[in-house]
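Report on the structure given below.
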Amino acid sequence: MDDNNEPRPVRFGFWLAETKFGEFAFSSPERVRVTIFLFVLFTHGLYWATAWWSPWPYLVFTATGLWFSQGVFKPWGTIISQAVEPTWDPAILKITVPFIMFNYVAVFSCLYMLGTVADSDGKAINGMWQHFYFSAVTLSTLGYGNLTPSGIWSEIVATIQAIIGFMGFAVLAGIVASIALKRAGLNENRNQ
């Protein structure tokens, strides 16, 4: 098969796997998990390192991930594949689920920074932690009421995030139930 027909991310992955770093990082399942975990730390470290200054670096980094490697959608594909494959790896879920949650909270907190979120006194909040907190509360659909979207941009972002949060938790519950049913079926087959 001609390598030029492969998408850039695939070619880059093959190239990376052939480097000294790739040989080390991908030589065993444990090292792959550590590599993924370090990437997650890097990704969220980038949020905390840049969002105090501007939300744009993290949004650009995430958007670039969308174009080149499915970005925020790739972890969903990984989790869904765990539900449909005959075998599953619990370590993948342990890494992927927190990554999805933290990534969506960080992306939406950057989007809130482009609009206005007000506290209970009606004053606009500042700072990445307050936006991150509001984003986490909105994604989980808790809605404490101490912070509220103020302005059409923030209201639209909050609506989209609440829908994604609700649907995301439903999908995760279905996937976990599917995996549990698979395990029960495997154990039943072994006992017969």
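Starting from 1 in every chain, residues are counted up; chains themselves are A, B, ... following the order of the structure tokens, and ligands are numbered from 1 as listed.
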
Skip Asp121 in chain A itself and residues of its chain fewer than 6 positions away, then list as a PDB file with N, CA and C atoms, in the first residue's frame all residues within 12 Å of it, counting only C-alpha atoms.
ATOM      1  N   GLY A 145     -26.021  27.857  40.911  1.00  0.00           N
ATOM      2  CA  GLY A 145     -26.677  29.154  40.876  1.00  0.00           C
ATOM      3  C   GLY A 145     -25.812  30.295  41.360  1.00  0.00           C
ATOM      4  N   ASN A 146     -24.605  30.003  41.887  1.00  0.00           N
ATOM      5  CA  ASN A 146     -23.749  31.090  42.351  1.00  0.00           C
ATOM      6  C   ASN A 146     -23.077  31.817  41.187  1.00  0.00           C
ATOM      7  N   LEU A 147     -22.963  31.165  40.030  1.00  0.00           N
ATOM      8  CA  LEU A 147     -22.464  31.781  38.804  1.00  0.00           C
ATOM      9  C   LEU A 147     -23.469  31.496  37.694  1.00  0.00           C
ATOM     10  N   THR A 148     -23.704  32.512  36.856  1.00  0.00           N
ATOM     11  CA  THR A 148     -24.677  32.346  35.777  1.00  0.00           C
ATOM     12  C   THR A 148     -24.132  32.958  34.492  1.00  0.00           C
ATOM     13  N   SER A 150     -24.033  35.331  31.417  1.00  0.00           N
ATOM     14  CA  SER A 150     -24.567  36.678  31.234  1.00  0.00           C
ATOM     15  C   SER A 150     -24.251  37.105  29.805  1.00  0.00           C
TER      16      SER A 150
END

* Between CA of Phe108 in chain A and CA of Leu139 in chain A, measure the distance and give it in Å to one decimal. => 8.8 Å

* **All helix (DSSP H, G or I) positions in range 122-168 of chain A, as a VMD selection string** => chain A and resid 128 to 139 152 to 168

Would you save the residues of that selection, restricted to N, CA and C atoms, as a PDB file, in the first residue's frame?
ATOM      1  N   MET A 128      -9.091  32.090  35.367  1.00  0.00           N
ATOM      2  CA  MET A 128      -9.361  30.793  34.753  1.00  0.00           C
ATOM      3  C   MET A 128      -9.985  29.813  35.724  1.00  0.00           C
ATOM      4  N   TRP A 129      -9.677  29.894  37.012  1.00  0.00           N
ATOM      5  CA  TRP A 129     -10.266  28.936  37.940  1.00  0.00           C
ATOM      6  C   TRP A 129     -11.778  29.114  38.021  1.00  0.00           C
ATOM      7  N   GLN A 130     -12.262  30.357  38.112  1.00  0.00           N
ATOM      8  CA  GLN A 130     -13.706  30.580  38.199  1.00  0.00           C
ATOM      9  C   GLN A 130     -14.412  30.100  36.927  1.00  0.00           C
ATOM     10  N   HIS A 131     -13.800  30.326  35.774  1.00  0.00           N
ATOM     11  CA  HIS A 131     -14.389  29.836  34.529  1.00  0.00           C
ATOM     12  C   HIS A 131     -14.351  28.307  34.467  1.00  0.00           C
ATOM     13  N   PHE A 132     -13.254  27.730  34.934  1.00  0.00           N
ATOM     14  CA  PHE A 132     -13.140  26.272  34.956  1.00  0.00           C
ATOM     15  C   PHE A 132     -14.205  25.681  35.885  1.00  0.00           C
ATOM     16  N   TYR A 133     -14.383  26.294  37.058  1.00  0.00           N
ATOM     17  CA  TYR A 133     -15.395  25.840  38.016  1.00  0.00           C
ATOM     18  C   TYR A 133     -16.797  25.932  37.407  1.00  0.00           C
ATOM     19  N   PHE A 134     -17.108  27.078  36.772  1.00  0.00           N
ATOM     20  CA  PHE A 134     -18.425  27.239  36.151  1.00  0.00           C
ATOM     21  C   PHE A 134     -18.634  26.208  35.057  1.00  0.00           C
ATOM     22  N   SER A 135     -17.584  25.953  34.276  1.00  0.00           N
ATOM     23  CA  SER A 135     -17.678  24.964  33.208  1.00  0.00           C
ATOM     24  C   SER A 135     -17.922  23.564  33.770  1.00  0.00           C
ATOM     25  N   ALA A 136     -17.236  23.199  34.849  1.00  0.00           N
ATOM     26  CA  ALA A 136     -17.423  21.883  35.466  1.00  0.00           C
ATOM     27  C   ALA A 136     -18.848  21.735  36.013  1.00  0.00           C
ATOM     28  N   VAL A 137     -19.355  22.778  36.637  1.00  0.00           N
ATOM     29  CA  VAL A 137     -20.716  22.744  37.182  1.00  0.00           C
ATOM     30  C   VAL A 137     -21.735  22.630  36.047  1.00  0.00           C
ATOM     31  N   THR A 138     -21.499  23.324  34.947  1.00  0.00           N
ATOM     32  CA  THR A 138     -22.420  23.275  33.818  1.00  0.00           C
ATOM     33  C   THR A 138     -22.365  21.916  33.127  1.00  0.00           C
ATOM     34  N   LEU A 139     -21.156  21.370  32.899  1.00  0.00           N
ATOM     35  CA  LEU A 139     -21.035  20.071  32.242  1.00  0.00           C
ATOM     36  C   LEU A 139     -21.726  18.981  33.048  1.00  0.00           C
ATOM     37  N   ILE A 152     -25.667  36.649  25.477  1.00  0.00           N
ATOM     38  CA  ILE A 152     -26.128  35.602  24.561  1.00  0.00           C
ATOM     39  C   ILE A 152     -25.033  34.574  24.279  1.00  0.00           C
ATOM     40  N   TRP A 153     -23.775  35.001  24.120  1.00  0.00           N
ATOM     41  CA  TRP A 153     -22.690  34.058  23.835  1.00  0.00           C
ATOM     42  C   TRP A 153     -22.569  33.026  24.953  1.00  0.00           C
ATOM     43  N   SER A 154     -22.492  33.479  26.180  1.00  0.00           N
ATOM     44  CA  SER A 154     -22.339  32.563  27.311  1.00  0.00           C
ATOM     45  C   SER A 154     -23.560  31.676  27.490  1.00  0.00           C
ATOM     46  N   GLU A 155     -24.736  32.193  27.210  1.00  0.00           N
ATOM     47  CA  GLU A 155     -25.947  31.381  27.309  1.00  0.00           C
ATOM     48  C   GLU A 155     -25.956  30.267  26.262  1.00  0.00           C
ATOM     49  N   ILE A 156     -25.522  30.579  25.034  1.00  0.00           N
ATOM     50  CA  ILE A 156     -25.453  29.558  23.985  1.00  0.00           C
ATOM     51  C   ILE A 156     -24.427  28.494  24.356  1.00  0.00           C
ATOM     52  N   VAL A 157     -23.255  28.917  24.811  1.00  0.00           N
ATOM     53  CA  VAL A 157     -22.203  27.970  25.202  1.00  0.00           C
ATOM     54  C   VAL A 157     -22.686  27.091  26.356  1.00  0.00           C
ATOM     55  N   ALA A 158     -23.360  27.686  27.349  1.00  0.00           N
ATOM     56  CA  ALA A 158     -23.861  26.912  28.490  1.00  0.00           C
ATOM     57  C   ALA A 158     -24.914  25.897  28.046  1.00  0.00           C
ATOM     58  N   THR A 159     -25.764  26.290  27.120  1.00  0.00           N
ATOM     59  CA  THR A 159     -26.787  25.367  26.617  1.00  0.00           C
ATOM     60  C   THR A 159     -26.145  24.177  25.915  1.00  0.00           C
ATOM     61  N   ILE A 160     -25.195  24.459  25.039  1.00  0.00           N
ATOM     62  CA  ILE A 160     -24.507  23.381  24.310  1.00  0.00           C
ATOM     63  C   ILE A 160     -23.768  22.479  25.287  1.00  0.00           C
ATOM     64  N   GLN A 161     -23.084  23.078  26.257  1.00  0.00           N
ATOM     65  CA  GLN A 161     -22.325  22.272  27.214  1.00  0.00           C
ATOM     66  C   GLN A 161     -23.233  21.407  28.084  1.00  0.00           C
ATOM     67  N   ALA A 162     -24.366  21.935  28.502  1.00  0.00           N
ATOM     68  CA  ALA A 162     -25.296  21.145  29.317  1.00  0.00           C
ATOM     69  C   ALA A 162     -25.835  19.956  28.524  1.00  0.00           C
ATOM     70  N   ILE A 163     -26.143  20.178  27.244  1.00  0.00           N
ATOM     71  CA  ILE A 163     -26.629  19.073  26.403  1.00  0.00           C
ATOM     72  C   ILE A 163     -25.539  18.026  26.226  1.00  0.00           C
ATOM     73  N   ILE A 164     -24.310  18.471  25.945  1.00  0.00           N
ATOM     74  CA  ILE A 164     -23.198  17.534  25.802  1.00  0.00           C
ATOM     75  C   ILE A 164     -22.957  16.783  27.110  1.00  0.00           C
ATOM     76  N   GLY A 165     -23.027  17.487  28.230  1.00  0.00           N
ATOM     77  CA  GLY A 165     -22.830  16.837  29.525  1.00  0.00           C
ATOM     78  C   GLY A 165     -23.876  15.774  29.799  1.00  0.00           C
ATOM     79  N   PHE A 166     -25.128  16.105  29.553  1.00  0.00           N
ATOM     80  CA  PHE A 166     -26.214  15.157  29.786  1.00  0.00           C
ATOM     81  C   PHE A 166     -26.068  13.937  28.885  1.00  0.00           C
ATOM     82  N   MET A 167     -25.840  14.182  27.591  1.00  0.00           N
ATOM     83  CA  MET A 167     -25.694  13.070  26.643  1.00  0.00           C
ATOM     84  C   MET A 167     -24.428  12.268  26.927  1.00  0.00           C
ATOM     85  N   GLY A 168     -23.360  12.953  27.298  1.00  0.00           N
ATOM     86  CA  GLY A 168     -22.102  12.265  27.578  1.00  0.00           C
ATOM     87  C   GLY A 168     -22.214  11.304  28.740  1.00  0.00           C
TER      88      GLY A 168
END

* Asked: What lies within 7 Å of range 43-57 of chain A using only C-alpha atoms, ignoring chain neighbours under 5 positions off, as a PyMOL selection string?
  -> chain A and resi 106+110+113+127-128

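As for CA of Lys123 in chain A and CA of Tyr104 in chain A, they are spaced 25.1 Å apart.
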
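One finds CA of Ser81 in chain A at 21.7 Å from CA of Phe14 in chain A.
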